[in-house]
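Coordinates from coords.txt are shown below (compact mmCIF, C-alpha atoms).
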```
# COMPACT_ATOMS: atom_id res chain seq x y z
CA MET J 1 82.87 17.81 -10.71
CA SER J 2 81.38 14.45 -11.57
CA ALA J 3 77.72 13.77 -10.88
CA MET J 4 76.61 11.93 -7.77
CA ARG J 5 75.93 8.29 -8.62
CA VAL J 6 72.54 7.01 -7.54
CA HIS J 7 71.49 3.38 -7.38
CA VAL J 8 68.45 1.63 -5.93
CA ALA J 9 68.53 -1.80 -4.30
CA PHE J 10 65.01 -3.23 -4.51
CA THR J 11 65.64 -5.57 -1.61
CA PRO J 12 68.20 -5.70 1.23
CA ASP J 13 69.93 -8.61 -0.52
CA GLU J 14 70.92 -6.33 -3.38
CA VAL J 15 72.72 -3.66 -1.37
CA LEU J 16 76.04 -2.62 -2.87
CA GLU J 17 78.82 -0.68 -1.20
CA ALA J 18 78.30 3.07 -1.26
CA PRO J 19 79.29 6.04 0.89
CA VAL J 20 75.63 6.69 1.77
CA ALA J 21 72.57 4.47 2.08
CA VAL J 22 69.03 5.77 2.31
CA VAL J 23 66.79 3.04 3.72
CA VAL J 24 63.15 3.19 2.66
CA ASP J 25 60.32 1.21 4.24
CA VAL J 26 57.36 3.47 3.60
CA LEU J 27 54.81 1.11 5.14
CA ARG J 28 55.74 1.61 7.86
CA ALA J 29 59.14 1.47 9.57
CA THR J 30 60.94 4.48 8.13
CA SER J 31 57.77 6.58 8.23
CA THR J 32 57.15 5.73 11.88
CA ILE J 33 60.75 6.35 12.89
CA ALA J 34 60.82 9.74 11.15
CA GLU J 35 57.58 10.68 12.83
CA ALA J 36 58.78 9.49 16.25
CA LEU J 37 62.01 11.48 16.08
CA ALA J 38 60.15 14.54 14.82
CA SER J 39 57.59 14.35 17.60
CA GLY J 40 60.15 14.22 20.41
CA TYR J 41 61.57 10.74 20.85
CA ARG J 42 65.33 11.06 21.14
CA ARG J 43 66.20 7.65 19.74
CA VAL J 44 64.55 4.64 18.16
CA PHE J 45 65.96 1.15 18.33
CA CYS J 46 65.10 -1.14 15.40
CA CYS J 47 65.00 -4.73 16.63
CA ARG J 48 64.55 -7.73 14.41
CA GLU J 49 62.99 -10.10 16.94
CA VAL J 50 60.46 -9.58 19.71
CA ALA J 51 62.88 -11.20 22.14
CA ASP J 52 65.58 -8.68 21.14
CA ALA J 53 63.23 -5.82 21.92
CA LEU J 54 62.28 -7.23 25.31
CA ALA J 55 65.93 -7.89 26.18
CA LEU J 56 66.92 -4.38 25.14
CA ARG J 57 64.28 -2.76 27.34
CA GLU J 58 65.51 -4.88 30.22
CA GLN J 59 69.08 -3.77 29.53
CA LEU J 60 68.24 -0.06 29.10
CA GLY J 61 65.77 0.03 31.97
CA GLU J 62 63.48 2.21 29.87
CA GLY J 63 61.75 2.47 26.52
CA LEU J 64 58.35 2.23 24.95
CA LEU J 65 57.84 -1.03 23.06
CA GLY J 66 56.28 -0.72 19.60
CA GLY J 67 55.84 -3.21 16.82
CA GLU J 68 53.73 -5.61 14.88
CA ARG J 69 53.60 -8.98 13.22
CA SER J 70 51.28 -9.24 10.20
CA ALA J 71 50.03 -5.71 10.99
CA VAL J 72 48.82 -6.71 14.47
CA LYS J 73 50.33 -5.19 17.62
CA ILE J 74 52.72 -7.57 19.36
CA ASP J 75 51.26 -9.09 22.49
CA GLY J 76 52.58 -7.28 25.56
CA PHE J 77 53.94 -4.31 23.61
CA ASP J 78 52.87 -0.77 24.47
CA ILE J 79 51.90 0.29 20.96
CA GLY J 80 51.71 -1.14 17.43
CA ALA J 81 53.82 -0.06 14.48
CA SER J 82 51.74 2.84 13.24
CA PRO J 83 53.23 6.31 12.81
CA ARG J 84 49.97 7.63 14.24
CA GLU J 85 50.87 6.06 17.59
CA VAL J 86 54.05 8.09 18.03
CA LEU J 87 52.65 11.58 17.50
CA GLU J 88 52.78 12.26 21.25
CA PRO J 89 56.06 11.05 22.75
CA ARG J 90 55.74 8.88 25.81
CA GLY J 91 59.43 8.89 26.72
CA GLU J 92 62.85 9.38 25.16
CA THR J 93 63.31 5.91 23.75
CA LEU J 94 61.21 3.89 21.36
CA ILE J 95 62.08 0.22 20.98
CA TYR J 96 60.56 -0.86 17.70
CA SER J 97 60.42 -4.32 16.19
CA THR J 98 60.02 -4.80 12.46
CA THR J 99 61.18 -7.46 10.07
CA ASN J 100 61.69 -5.93 6.63
CA GLY J 101 62.79 -2.50 7.88
CA THR J 102 65.35 -3.76 10.35
CA ARG J 103 66.80 -6.14 7.82
CA ALA J 104 67.25 -3.26 5.39
CA VAL J 105 68.97 -1.08 8.00
CA LEU J 106 71.35 -3.89 8.92
CA ALA J 107 72.20 -4.67 5.28
CA ALA J 108 72.86 -0.98 4.64
CA ALA J 109 75.03 -0.65 7.73
CA ALA J 110 77.17 -3.57 6.57
CA ALA J 111 77.88 -2.01 3.16
CA CYS J 112 77.67 1.76 3.52
CA GLY J 113 79.47 4.43 5.52
CA GLU J 114 76.41 6.42 6.48
CA VAL J 115 72.85 5.12 6.84
CA LEU J 116 69.93 7.54 6.57
CA LEU J 117 66.22 6.73 6.69
CA GLY J 118 63.85 8.09 4.07
CA SER J 119 60.10 8.16 3.67
CA LEU J 120 57.55 10.42 2.06
CA LEU J 121 57.02 12.17 5.39
CA ASN J 122 60.62 13.44 5.34
CA LEU J 123 61.20 13.24 1.59
CA SER J 124 62.99 16.54 0.96
CA ALA J 125 64.96 16.42 4.20
CA ALA J 126 66.24 12.91 3.48
CA ALA J 127 67.12 13.67 -0.15
CA GLY J 128 68.75 16.94 0.88
CA ALA J 129 71.05 15.14 3.29
CA VAL J 130 72.63 13.04 0.53
CA ARG J 131 75.80 14.63 -0.80
CA GLU J 132 77.77 11.61 -2.02
CA ASP J 133 77.21 8.56 -4.19
CA CYS J 134 74.35 6.66 -2.67
CA VAL J 135 72.28 3.52 -2.76
CA ILE J 136 68.63 3.78 -1.82
CA VAL J 137 67.80 0.53 -0.03
CA CYS J 138 64.19 -0.56 -0.31
CA ALA J 139 63.03 -2.81 2.50
CA GLY J 140 60.67 -4.60 0.14
CA PHE J 141 58.28 -7.22 1.37
CA GLN J 142 59.54 -10.62 2.46
CA GLY J 143 62.67 -10.26 0.36
CA ARG J 144 60.80 -9.13 -2.73
CA PHE J 145 60.26 -5.92 -4.66
CA ALA J 146 57.58 -3.66 -3.15
CA LEU J 147 55.95 -0.98 -5.26
CA ASP J 148 55.50 1.51 -2.41
CA ASP J 149 59.20 1.51 -1.53
CA ALA J 150 60.24 1.72 -5.19
CA TYR J 151 57.88 4.67 -5.64
CA CYS J 152 59.41 6.51 -2.68
CA ALA J 153 62.91 5.64 -3.93
CA GLY J 154 61.97 7.18 -7.26
CA ARG J 155 60.82 10.36 -5.55
CA ILE J 156 64.24 10.57 -3.86
CA VAL J 157 66.06 9.81 -7.14
CA GLU J 158 64.23 12.70 -8.82
CA ARG J 159 65.45 15.09 -6.13
CA LEU J 160 69.09 13.96 -6.34
CA ASP J 161 69.63 14.74 -10.01
CA GLY J 162 72.54 12.30 -10.17
CA GLU J 163 73.93 9.75 -12.58
CA VAL J 164 71.44 6.89 -12.31
CA THR J 165 71.64 3.14 -12.74
CA ASP J 166 68.88 1.24 -14.55
CA ALA J 167 67.17 0.50 -11.21
CA ALA J 168 67.22 4.15 -10.17
CA LYS J 169 65.93 5.23 -13.57
CA ALA J 170 63.10 2.69 -13.35
CA CYS J 171 62.09 4.05 -9.93
CA ALA J 172 62.01 7.61 -11.25
CA ILE J 173 59.73 6.42 -14.07
CA LEU J 174 57.48 4.67 -11.55
CA ALA J 175 57.38 7.83 -9.43
CA ARG J 176 56.22 9.90 -12.38
CA SER J 177 53.58 7.36 -13.37
CA PHE J 178 51.34 7.94 -10.34
CA PRO J 179 49.31 11.11 -9.95
CA SER J 180 49.81 11.08 -6.18
CA ALA J 181 51.77 9.28 -3.49
CA HIS J 182 48.54 7.97 -2.03
CA GLU J 183 47.62 6.28 -5.30
CA ALA J 184 51.10 4.78 -5.53
CA LEU J 185 50.86 3.28 -2.05
CA LEU J 186 47.39 1.92 -2.77
CA ALA J 187 48.75 0.21 -5.90
CA ARG J 188 50.84 -2.25 -3.95
CA THR J 189 49.63 -5.84 -4.30
CA TYR J 190 50.87 -7.34 -1.04
CA GLY J 191 50.29 -6.90 2.64
CA PRO J 192 47.47 -7.37 5.09
CA PRO J 193 44.28 -5.33 4.94
CA GLY J 194 43.42 -2.78 7.59
CA LEU J 195 46.20 -0.30 6.92
CA GLU J 196 44.04 2.29 5.15
CA GLU J 197 44.58 5.03 7.74
CA ASP J 198 48.30 4.40 7.93
CA ILE J 199 48.59 4.41 4.15
CA ARG J 200 46.90 7.79 4.05
CA PHE J 201 49.21 9.03 6.80
CA CYS J 202 52.41 7.69 5.21
CA ALA J 203 51.47 9.20 1.83
CA GLN J 204 51.87 12.73 3.21
CA GLU J 205 54.91 14.51 1.84
CA ASP J 206 57.42 16.70 3.65
CA VAL J 207 55.50 17.03 6.88
CA VAL J 208 58.63 16.55 9.01
CA ASP J 209 62.19 17.69 8.38
CA VAL J 210 64.18 15.21 10.47
CA VAL J 211 66.70 12.89 8.88
CA PRO J 212 66.90 9.74 10.99
CA ARG J 213 70.33 8.16 10.82
CA LEU J 214 71.99 5.08 12.24
CA SER J 215 74.16 6.14 15.16
CA ARG J 216 75.36 2.75 16.36
CA MET J 217 74.50 -0.90 16.82
CA VAL J 218 73.59 -2.09 20.32
CA ASP J 219 73.93 -5.85 20.09
CA SER J 220 71.67 -6.73 17.16
CA ALA J 221 69.56 -3.57 17.43
CA ALA J 222 70.12 -0.50 15.27
CA GLU J 223 70.00 2.75 17.23
CA ILE J 224 68.56 5.55 15.13
CA GLY J 225 68.84 9.22 16.07
CA THR J 226 68.96 12.53 14.24
CA MET G 227 38.40 -20.02 -12.76
CA SER G 228 41.06 -18.05 -10.90
CA ALA G 229 43.33 -15.68 -12.80
CA MET G 230 46.79 -16.72 -13.89
CA ARG G 231 49.37 -15.40 -11.43
CA VAL G 232 52.20 -13.43 -12.99
CA HIS G 233 55.44 -12.49 -11.28
CA VAL G 234 58.69 -10.99 -12.55
CA ALA G 235 62.12 -11.85 -11.19
CA PHE G 236 64.43 -8.94 -12.02
CA THR G 237 67.51 -11.13 -11.75
CA PRO G 238 68.14 -14.89 -11.88
CA ASP G 239 68.76 -14.86 -8.12
CA GLU G 240 65.15 -13.92 -7.49
CA VAL G 241 63.50 -16.78 -9.37
CA LEU G 242 60.64 -18.40 -7.46
CA GLU G 243 58.99 -21.73 -8.15
CA ALA G 244 56.32 -21.57 -10.81
CA PRO G 245 54.85 -23.94 -13.40
CA VAL G 246 56.20 -21.79 -16.23
CA ALA G 247 59.21 -19.50 -16.59
CA VAL G 248 59.70 -17.06 -19.44
CA VAL G 249 63.36 -16.08 -19.62
CA VAL G 250 64.06 -12.64 -21.08
CA ASP G 251 67.48 -11.38 -22.17
CA VAL G 252 66.54 -8.89 -24.84
CA LEU G 253 70.12 -7.76 -25.50
CA ARG G 254 70.81 -10.28 -26.83
CA ALA G 255 70.55 -13.95 -25.88
CA THR G 256 66.82 -14.61 -26.09
CA SER G 257 66.48 -12.41 -29.18
CA THR G 258 69.29 -14.25 -30.97
CA ILE G 259 67.98 -17.68 -30.00
CA ALA G 260 64.45 -16.85 -31.19
CA GLU G 261 65.87 -15.55 -34.46
CA ALA G 262 68.13 -18.58 -34.91
CA LEU G 263 65.31 -21.08 -34.40
CA ALA G 264 63.01 -19.08 -36.67
CA SER G 265 65.59 -18.93 -39.42
CA GLY G 266 66.22 -22.68 -39.52
CA TYR G 267 68.56 -23.77 -36.76
CA ARG G 268 67.04 -26.84 -35.13
CA ARG G 269 68.57 -26.34 -31.68
CA VAL G 270 70.64 -23.84 -29.77
CA PHE G 271 72.84 -24.76 -26.85
CA CYS G 272 73.36 -22.05 -24.23
CA CYS G 273 76.76 -22.49 -22.63
CA ARG G 274 78.04 -20.48 -19.73
CA GLU G 275 81.77 -20.79 -20.40
CA VAL G 276 83.79 -20.69 -23.59
CA ALA G 277 85.39 -23.99 -22.58
CA ASP G 278 81.93 -25.57 -22.23
CA ALA G 279 81.06 -24.50 -25.77
CA LEU G 280 84.28 -25.88 -27.21
CA ALA G 281 83.86 -29.17 -25.32
CA LEU G 282 80.29 -29.49 -26.50
CA ARG G 283 81.22 -29.04 -30.15
CA GLU G 284 83.89 -31.68 -29.72
CA GLN G 285 81.32 -34.02 -28.16
CA LEU G 286 78.60 -33.36 -30.75
CA GLY G 287 80.97 -33.37 -33.72
CA GLU G 288 79.07 -30.41 -35.17
CA GLY G 289 77.76 -26.98 -34.41
CA LEU G 290 78.41 -23.36 -35.22
CA LEU G 291 80.06 -21.51 -32.34
CA GLY G 292 78.60 -18.10 -31.48
CA GLY G 293 79.16 -15.79 -28.58
CA GLU G 294 80.77 -12.75 -27.08
CA ARG G 295 82.50 -11.33 -24.08
CA SER G 296 81.97 -7.59 -23.50
CA ALA G 297 80.18 -7.42 -26.86
CA VAL G 298 83.24 -8.68 -28.77
CA LYS G 299 83.19 -12.00 -30.68
CA ILE G 300 85.00 -14.75 -28.81
CA ASP G 301 88.37 -15.57 -30.32
CA GLY G 302 88.12 -18.68 -32.49
CA PHE G 303 84.31 -18.67 -32.60
CA ASP G 304 82.48 -18.68 -35.93
CA ILE G 305 80.19 -15.76 -35.20
CA GLY G 306 79.48 -13.22 -32.46
CA ALA G 307 76.31 -12.99 -30.41
CA SER G 308 74.24 -10.82 -32.71
CA PRO G 309 70.83 -11.92 -33.93
CA ARG G 310 71.81 -10.46 -37.30
CA GLU G 311 74.44 -13.20 -37.64
CA VAL G 312 71.93 -16.05 -37.50
CA LEU G 313 69.53 -14.91 -40.21
CA GLU G 314 70.93 -17.49 -42.63
CA PRO G 315 71.39 -20.85 -40.92
CA ARG G 316 74.80 -22.44 -41.37
CA GLY G 317 73.86 -25.83 -39.92
CA GLU G 318 71.38 -27.44 -37.55
CA THR G 319 73.09 -26.61 -34.30
CA LEU G 320 74.16 -23.33 -32.81
CA ILE G 321 76.40 -23.46 -29.75
CA TYR G 322 76.07 -20.10 -28.07
CA SER G 323 77.95 -18.78 -25.08
CA THR G 324 76.49 -16.04 -22.95
CA THR G 325 76.81 -15.18 -19.29
CA ASN G 326 73.64 -13.44 -18.11
CA GLY G 327 71.28 -15.34 -20.44
CA THR G 328 72.57 -18.80 -19.63
CA ARG G 329 72.48 -18.08 -15.93
CA ALA G 330 68.85 -17.04 -16.21
CA VAL G 331 67.92 -20.20 -18.15
CA LEU G 332 69.63 -22.40 -15.57
CA ALA G 333 67.98 -20.62 -12.63
CA ALA G 334 64.59 -20.97 -14.31
CA ALA G 335 65.17 -24.64 -15.07
CA ALA G 336 65.94 -25.31 -11.41
CA ALA G 337 62.69 -23.76 -10.17
CA CYS G 338 60.09 -24.11 -12.92
CA GLY G 339 58.45 -26.96 -14.79
CA GLU G 340 58.60 -25.40 -18.22
CA VAL G 341 61.13 -22.85 -19.47
CA LEU G 342 60.27 -20.63 -22.44
CA LEU G 343 62.35 -17.84 -23.95
CA GLY G 344 60.82 -14.45 -24.65
CA SER G 345 61.98 -11.34 -26.46
CA LEU G 346 60.38 -8.52 -28.39
CA LEU G 347 61.01 -10.42 -31.63
CA ASN G 348 58.65 -13.22 -30.52
CA LEU G 349 56.60 -11.21 -28.03
CA SER G 350 53.09 -12.40 -28.87
CA ALA G 351 54.14 -15.98 -29.51
CA ALA G 352 55.94 -16.23 -26.17
CA ALA G 353 53.11 -14.60 -24.21
CA GLY G 354 50.55 -16.74 -26.01
CA ALA G 355 52.33 -19.94 -24.96
CA VAL G 356 51.87 -19.17 -21.25
CA ARG G 357 48.75 -20.84 -19.86
CA GLU G 358 49.65 -21.32 -16.20
CA ASP G 359 51.03 -19.26 -13.33
CA CYS G 360 54.36 -17.94 -14.46
CA VAL G 361 57.46 -16.08 -13.49
CA ILE G 362 59.16 -13.94 -16.10
CA VAL G 363 62.89 -14.23 -15.42
CA CYS G 364 64.93 -11.23 -16.47
CA ALA G 365 68.57 -12.02 -17.18
CA GLY G 366 69.57 -8.56 -15.98
CA PHE G 367 73.13 -7.36 -16.23
CA GLN G 368 75.81 -8.77 -13.93
CA GLY G 369 73.23 -9.82 -11.36
CA ARG G 370 71.44 -6.47 -11.40
CA PHE G 371 68.20 -5.03 -12.70
CA ALA G 372 68.29 -4.16 -16.42
CA LEU G 373 65.76 -1.75 -17.86
CA ASP G 374 65.54 -3.43 -21.28
CA ASP G 375 64.61 -6.81 -19.79
CA ALA G 376 62.12 -5.24 -17.37
CA TYR G 377 60.53 -3.38 -20.28
CA CYS G 378 60.12 -6.59 -22.29
CA ALA G 379 58.81 -8.37 -19.19
CA GLY G 380 56.22 -5.62 -18.85
CA ARG G 381 55.15 -6.09 -22.45
CA ILE G 382 54.59 -9.78 -21.71
CA VAL G 383 52.75 -8.98 -18.44
CA GLU G 384 50.36 -6.72 -20.37
CA ARG G 385 49.50 -9.56 -22.74
CA LEU G 386 48.85 -12.10 -19.98
CA ASP G 387 46.12 -10.20 -18.17
CA GLY G 388 46.78 -12.12 -14.96
CA GLU G 389 46.92 -11.42 -11.26
CA VAL G 390 50.17 -9.52 -10.88
CA THR G 391 52.72 -9.11 -8.11
CA ASP G 392 54.26 -5.71 -7.36
CA ALA G 393 57.23 -6.52 -9.60
CA ALA G 394 54.99 -7.51 -12.52
CA LYS G 395 52.86 -4.39 -12.03
CA ALA G 396 55.98 -2.20 -12.01
CA CYS G 397 57.14 -3.76 -15.30
CA ALA G 398 53.77 -3.09 -16.91
CA ILE G 399 54.04 0.54 -15.81
CA LEU G 400 57.56 0.76 -17.25
CA ALA G 401 56.32 -0.77 -20.51
CA ARG G 402 53.63 1.86 -20.85
CA SER G 403 56.02 4.69 -20.07
CA PHE G 404 58.04 4.39 -23.28
CA PRO G 405 56.60 5.45 -26.63
CA SER G 406 58.44 2.63 -28.40
CA ALA G 407 60.48 -0.47 -27.69
CA HIS G 408 63.47 1.14 -29.35
CA GLU G 409 63.38 4.07 -26.94
CA ALA G 410 63.08 1.69 -24.00
CA LEU G 411 66.15 -0.27 -25.08
CA LEU G 412 68.12 2.92 -25.64
CA ALA G 413 67.24 4.04 -22.09
CA ARG G 414 69.37 1.37 -20.46
CA THR G 415 72.35 2.78 -18.59
CA TYR G 416 74.75 -0.15 -18.74
CA GLY G 417 76.57 -2.16 -21.34
CA PRO G 418 79.29 -1.55 -23.89
CA PRO G 419 78.87 0.83 -26.81
CA GLY G 420 78.66 -0.43 -30.38
CA LEU G 421 75.37 -2.29 -30.15
CA GLU G 422 73.29 0.30 -32.00
CA GLU G 423 72.38 -1.98 -34.92
CA ASP G 424 71.54 -4.88 -32.63
CA ILE G 425 69.43 -2.64 -30.40
CA ARG G 426 67.46 -1.55 -33.43
CA PHE G 427 67.09 -5.17 -34.52
CA CYS G 428 66.06 -6.48 -31.08
CA ALA G 429 63.47 -3.67 -30.71
CA GLN G 430 61.39 -5.15 -33.54
CA GLU G 431 58.15 -6.68 -32.32
CA ASP G 432 56.51 -9.92 -33.40
CA VAL G 433 58.69 -10.59 -36.38
CA VAL G 434 58.98 -14.31 -35.61
CA ASP G 435 56.45 -16.68 -34.10
CA VAL G 436 58.67 -19.34 -32.59
CA VAL G 437 58.64 -20.08 -28.86
CA PRO G 438 62.08 -21.36 -27.89
CA ARG G 439 61.90 -23.73 -24.94
CA LEU G 440 64.36 -25.68 -22.85
CA SER G 441 64.28 -29.30 -23.99
CA ARG G 442 67.04 -30.73 -21.81
CA MET G 443 70.36 -30.10 -20.16
CA VAL G 444 73.47 -31.59 -21.80
CA ASP G 445 76.06 -31.43 -19.04
CA SER G 446 76.06 -27.75 -18.08
CA ALA G 447 74.59 -26.57 -21.40
CA ALA G 448 70.90 -25.82 -21.90
CA GLU G 449 69.51 -27.25 -25.14
CA ILE G 450 66.83 -24.99 -26.57
CA GLY G 451 64.42 -26.10 -29.28
CA THR G 452 60.90 -25.23 -30.39
```
What does the file become when written as structure tokens?
Amino acid sequence: MSAMRVHVAFTPDEVLEAPVAVVVDVLRATSTIAEALASGYRRVFCCREVADALALREQLGEGLLGGERSAVKIDGFDIGASPREVLEPRGETLIYSTTNGTRAVLAAAAACGEVLLGSLLNLSAAAGAVREDCVIVCAGFQGRFALDDAYCAGRIVERLDGEVTDAAKACAILARSFPSAHEALLARTYGPPGLEEDIRFCAQEDVVDVVPRLSRMVDSAAEIGT
Amino acid sequence: MSAMRVHVAFTPDEVLEAPVAVVVDVLRATSTIAEALASGYRRVFCCREVADALALREQLGEGLLGGERSAVKIDGFDIGASPREVLEPRGETLIYSTTNGTRAVLAAAAACGEVLLGSLLNLSAAAGAVREDCVIVCAGFQGRFALDDAYCAGRIVERLDGEVTDAAKACAILARSFPSAHEALLARTYGPPGLEEDIRFCAQEDVVDVVPRLSRMVDSAAEIGT
């Protein structure tokens, strides 16, 4: 039996075809979605634009609106984008608007048969669900490499024990170079201030065992369930 | 005085505007060009296609033809692409055909004011020539991340002591994770076999002090001098 092949795309632009994609946006989309589905939401819609989220709620007739722009809650939305805001479900449906995370999910859906979502919160569950050649798709930040996502990708690579590409090998090296996930997330050089509590939250490992996966597209929104 | 900003583009597609670009294609374009200029060649033309190289020699009326495809010397060319073949100059002009390296030089030229070429062979000289915000442009392999180029980029990042992006910080971490340059180059997962001697050669550090730089474009070829 040949080894599972494991690649990492540092940005959504670099996604290659693979049977399985694991999308990673540690701060904060994939962490928040894992937490939401673990806490009792039945589905999470990832919407790229605020208008898409508003239109989707209109169409569905339900749904809690969550999201941010530049780390600030979107005006008129029910909650921001923090995983700490979804610990108590307030309905079955979360309609969530992100930029980097949604873009990564859409790029993965276009190239891969199955799209899973990974984070540190569900690290072992996400890695354990991969049984074929895979590409780990980092959301990155504004189309560029992000250290936090590469770190999490490396943690997944380590668990897969597959045949790695240079990018996957580099992520595994990065993963081993930090004494803790929290230090790795703090090492990132981009992003707005004020996320300290979320960074601490998202640095927790294996606190939920859900594996969020793309179930279908509803117009331009990605519906994620378990 | 604010710190010099240092970014790394893992592939030519990711080049951003910057005053200075340092192109890195350790195996083997930037190593061979540094060695050629150090050993007495006055200029090296980087050509993307074999036909471009042949046309340029016709136009110039001189020039040694060097290059490879899949690590094999191009039929009809004078030498292959190895830095060990340019240790004794056989003229003033080397016409060199590469794919990844030339693409990186052209992408850098389109976005940056000054284009320098870096390798381990001229590591300190190349890093020492950077005095403004810069992007280190890894040639990569077939449009993808290559560990050897990222390692060399990290070695340059360490010497610049600037304000780093996530990508530059990741390269510095990778650079520190290998006990030697030779081990880093051997860790790459791609590429044809048979390059052992060149890998050993290109892993030497600071053996030449030239800083190859783009002087001009001649049609689609990049003319590199010192």
Closest to chain G among J:Phe45, J:Phe77, J:Tyr190, J:Phe201, using all atoms listed in the file?
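Using all atoms listed in the file, the shortest distance to chain G belongs to J:Tyr190.
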Which distance in Å separates CA of Arg42 (chain J) and CA of Ala81 (chain J), to one decimal?
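According to the coordinates, CA of Arg42 (chain J) and CA of Ala81 (chain J) are separated by 17.3 Å.
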Any chance you could tabulate, as a Markdown table, the residues of chain G at most 12 Å from chain J with each one's nearest atom pair and distance in Å to one decimal, using all atoms listed in the file, in chain and rising number order?
```
| residue | atom | partner | partner_atom | distance |
| --- | --- | --- | --- | --- |
| G:Arg231 | CA | J:Thr189 | CA | 11.9 |
| G:Val232 | CA | J:Thr189 | CA | 11.8 |
| G:His233 | CA | J:Phe145 | CA | 10.5 |
| G:Val234 | CA | J:Phe145 | CA | 9.5 |
| G:Ala235 | CA | J:Arg144 | CA | 9.0 |
| G:Phe236 | CA | J:Phe145 | CA | 9.0 |
| G:Thr237 | CA | J:Glu14 | CA | 10.2 |
| G:Asp239 | CA | J:Asp13 | CA | 9.9 |
| G:Glu240 | CA | J:Arg144 | CA | 8.0 |
| G:Val241 | CA | J:Arg144 | CA | 10.5 |
| G:Leu242 | CA | J:Arg144 | CA | 10.4 |
| G:Gly366 | CA | J:Asp166 | CA | 9.9 |
| G:Phe367 | CA | J:Asp166 | CA | 9.7 |
| G:Gln368 | CA | J:Glu14 | CA | 11.9 |
| G:Gly369 | CA | J:Glu14 | CA | 9.0 |
| G:Arg370 | CA | J:Glu14 | CA | 8.0 |
| G:Phe371 | CA | J:Ala167 | CA | 5.8 |
| G:Ala372 | CA | J:Asp166 | CA | 5.7 |
| G:Leu373 | CA | J:Asp166 | CA | 5.4 |
| G:Asp374 | CA | J:Asp166 | CA | 8.8 |
| G:Asp375 | CA | J:Asp166 | CA | 10.5 |
| G:Ala376 | CA | J:Ala170 | CA | 8.9 |
| G:Tyr377 | CA | J:Ala170 | CA | 9.6 |
| G:Glu389 | CA | J:Thr189 | CA | 9.3 |
| G:Val390 | CA | J:Thr189 | CA | 7.6 |
| G:Thr391 | CA | J:Thr189 | CA | 5.9 |
| G:Asp392 | CA | J:Leu147 | CA | 5.4 |
| G:Ala393 | CA | J:Phe145 | CA | 5.8 |
| G:Ala394 | CA | J:Phe145 | CA | 9.6 |
| G:Lys395 | CA | J:Leu147 | CA | 8.2 |
| G:Ala396 | CA | J:Leu147 | CA | 6.9 |
| G:Cys397 | CA | J:Ala170 | CA | 9.0 |
| G:Ala398 | CA | J:Leu174 | CA | 10.1 |
| G:Ile399 | CA | J:Leu174 | CA | 6.9 |
| G:Leu400 | CA | J:Ile173 | CA | 6.8 |
| G:Ala401 | CA | J:Ile173 | CA | 10.2 |
| G:Arg402 | CA | J:Ser177 | CA | 9.3 |
| G:Ser403 | CA | J:Ile173 | CA | 7.3 |
| G:Phe404 | CA | J:Ile173 | CA | 9.6 |
| G:Ala410 | CA | J:Ala170 | CA | 10.7 |
| G:Leu411 | CA | J:Asp166 | CA | 11.0 |
| G:Leu412 | CA | J:Asp166 | CA | 11.2 |
| G:Ala413 | CA | J:Asp166 | CA | 8.2 |
| G:Arg414 | CA | J:Asp166 | CA | 5.9 |
| G:Thr415 | CA | J:Asp166 | CA | 5.5 |
| G:Tyr416 | CA | J:Asp166 | CA | 7.3 |
| G:Gly417 | CA | J:Asp166 | CA | 10.8 |
```
Could you pull the residues within 12 Å of Glu197 (chain J), counting only C-alpha atoms, minus those fewer than 4 positions along the same chain, as JSON, numbers by chain?
{"J": [27, 28, 82, 83, 84, 85, 182, 185, 186, 193, 201, 202, 203, 204]}
Length of the CA of Ala297 (chain G) to CA of Thr324 (chain G) vector [Å]:
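About the pair CA of Ala297 (chain G) and CA of Thr324 (chain G): they are 10.2 Å apart.
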Selection near region 106-122 of chain J, 6 Å with all atoms listed in the file, sequence-local residues under 2 positions removed, as a PyMOL selection string
chain J and resi 12+17-24+26+30-31+103-104+124-126+204-209+212-214
